[in-house]
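Here's the structure we're looking at; comments come further down.
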Amino acid sequence: MPVERLSHYDEAGEAHMVDVSDKPATHREAVAAAFVELSHAVLLALPQNPKGNPLEVARFAGIQAAKKTSDLIPMCHPLALSFVDVQATVVEGGIAIEATAATVAGTGVEMEAMVAASVAALTVYDMTKALDKGIRIREVVLLRKSGGKSGEYRR
């Protein structure tokens, strides 16, 4: 579906927060993912990390980040999140992260899910960077969203 204009810009081209006061509060959910590419040696060393379990710390960091999204992204509305979950799973070649955010509101939670996945990935990097500076964070993507006027989206 083509977009006539970006909603965060007014007629003069200046950035502004979108007024969502007339939008109905509906259940909205978004799922985002990120991938942290790690060497085999770093993957093997995860259980012995002196800073603690990187996957569990990343999970908590992602949840915390979702709740702080409007503090980080200037035009995001502060949302009362009804649910946030972050999973970090060891897979071939690295850590797969999936973050889910949900609310009942007049605007979506895509940014909250994306921020949660991104910060969880950055936390894995922070917890493992002493072992390898070549770690890559890649493929931060919105997997799906539901609710609101635009309805369902699936990647």
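Lettering and numbering for the structure tokens are positional, with chains as A, B, ... in the shown order, residues counted from 1 in each chain, and ligands counted from 1 in the shown order.
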- request: Once DSSP has gone over the backbone, tell me which residues of stretch 23-140 of chain A are in helix (DSSP H, G or I), as JSON, numbers by chain.
  value: {"A": [40, 41, 42, 43, 44, 45, 46, 47, 48, 54, 55, 56, 57, 58, 59, 60, 61, 62, 63, 64, 65, 66, 67, 69, 70, 71, 72, 110, 111, 112, 113, 114, 115, 116, 117, 118, 119, 120, 121, 122, 123, 124, 125, 126, 127, 128]}
Skipping near chain neighbours, those fewer than 4 positions away, what residues fall within 7 Å of stretch 32-36 of chain A using only C-alpha atoms, listed as a PDB file with C-alpha atoms, in the first residue's frame?
ATOM      1  CA  GLY A  94      25.225 -16.927  16.713  1.00  0.00           C
ATOM      2  CA  ILE A  95      22.325 -15.784  18.834  1.00  0.00           C
ATOM      3  CA  ALA A  96      18.808 -15.362  17.434  1.00  0.00           C
ATOM      4  CA  ILE A  97      16.790 -12.760  19.302  1.00  0.00           C
ATOM      5  CA  GLU A  98      13.030 -12.377  19.106  1.00  0.00           C
ATOM      6  CA  ALA A  99      11.164  -9.636  20.943  1.00  0.00           C
ATOM      7  CA  THR A 100       7.412  -9.287  21.374  1.00  0.00           C
ATOM      8  CA  ALA A 113       9.665  -4.547  19.744  1.00  0.00           C
ATOM      9  CA  MET A 114      12.475  -3.287  17.473  1.00  0.00           C
ATOM     10  CA  ALA A 117      15.537  -6.729  19.885  1.00  0.00           C
ATOM     11  CA  SER A 118      18.257  -4.157  19.150  1.00  0.00           C
ATOM     12  CA  ALA A 121      21.609  -7.775  20.592  1.00  0.00           C
ATOM     13  CA  ARG A 136      28.303  -8.477  14.041  1.00  0.00           C
ATOM     14  CA  ILE A 137      24.746  -7.473  14.788  1.00  0.00           C
ATOM     15  CA  ARG A 138      22.572  -7.878  11.727  1.00  0.00           C
ATOM     16  CA  GLU A 139      19.081  -8.303  10.423  1.00  0.00           C
ATOM     17  CA  VAL A 140      17.136  -6.212  12.913  1.00  0.00           C
ATOM     18  CA  VAL A 141      13.677  -6.570  11.382  1.00  0.00           C
ATOM     19  CA  LEU A 142       9.984  -6.330  12.117  1.00  0.00           C
ATOM     20  CA  LEU A 143       8.599  -9.853  11.694  1.00  0.00           C
TER      21      LEU A 143
END
field: Expected answer as a PyMOL selection string: strand (DSSP E or B) residues in chain A
entry: chain A and resi 9+15+26-37+81-91+94-105+136-146+153-154
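Of note, atom CA of A:Pro74 and atom CA of A:Ala101 are spaced 18.8 Å apart.
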field: Neighbour list for A:Phe60 as number ranges by chain, cut-off 12 Å, only C-alpha atoms, skip fewer than 3 positions in-chain
entry: A: 53-57, 63-67, 84-88, 99, 116-117, 119-121, 123-124
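Put simply, atom CA of A:His27 is 26.4 Å away from atom CA of A:Ala58.
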query: Excluding same-chain residues fewer than 5 positions from stretch 131-133 of chain A, what lies within 9 Å of it counting only C-alpha atoms, as JSON, numbers by chain?
result: {"A": [38, 39, 41, 42, 45, 125]}
Emit the selected residues as a PDB file, in the first residue's frame, including N, CA and C atoms.
ATOM      1  N   LEU A  38      28.234 -14.722  15.987  1.00  0.00           N
ATOM      2  CA  LEU A  38      29.343 -15.020  16.886  1.00  0.00           C
ATOM      3  C   LEU A  38      30.181 -16.171  16.334  1.00  0.00           C
ATOM      4  N   SER A  39      31.453 -16.123  16.624  1.00  0.00           N
ATOM      5  CA  SER A  39      32.338 -17.225  16.226  1.00  0.00           C
ATOM      6  C   SER A  39      32.021 -18.462  17.062  1.00  0.00           C
ATOM      7  N   ALA A  41      34.084 -20.185  18.742  1.00  0.00           N
ATOM      8  CA  ALA A  41      34.797 -20.077  20.027  1.00  0.00           C
ATOM      9  C   ALA A  41      33.999 -19.257  21.040  1.00  0.00           C
ATOM     10  N   VAL A  42      33.393 -18.170  20.597  1.00  0.00           N
ATOM     11  CA  VAL A  42      32.596 -17.347  21.509  1.00  0.00           C
ATOM     12  C   VAL A  42      31.347 -18.111  21.946  1.00  0.00           C
ATOM     13  N   ALA A  45      32.201 -20.419  24.647  1.00  0.00           N
ATOM     14  CA  ALA A  45      32.584 -19.744  25.890  1.00  0.00           C
ATOM     15  C   ALA A  45      31.395 -19.130  26.633  1.00  0.00           C
ATOM     16  N   TYR A 125      26.547  -8.363  22.534  1.00  0.00           N
ATOM     17  CA  TYR A 125      27.837  -7.841  22.106  1.00  0.00           C
ATOM     18  C   TYR A 125      28.643  -7.369  23.309  1.00  0.00           C
TER      19      TYR A 125
END
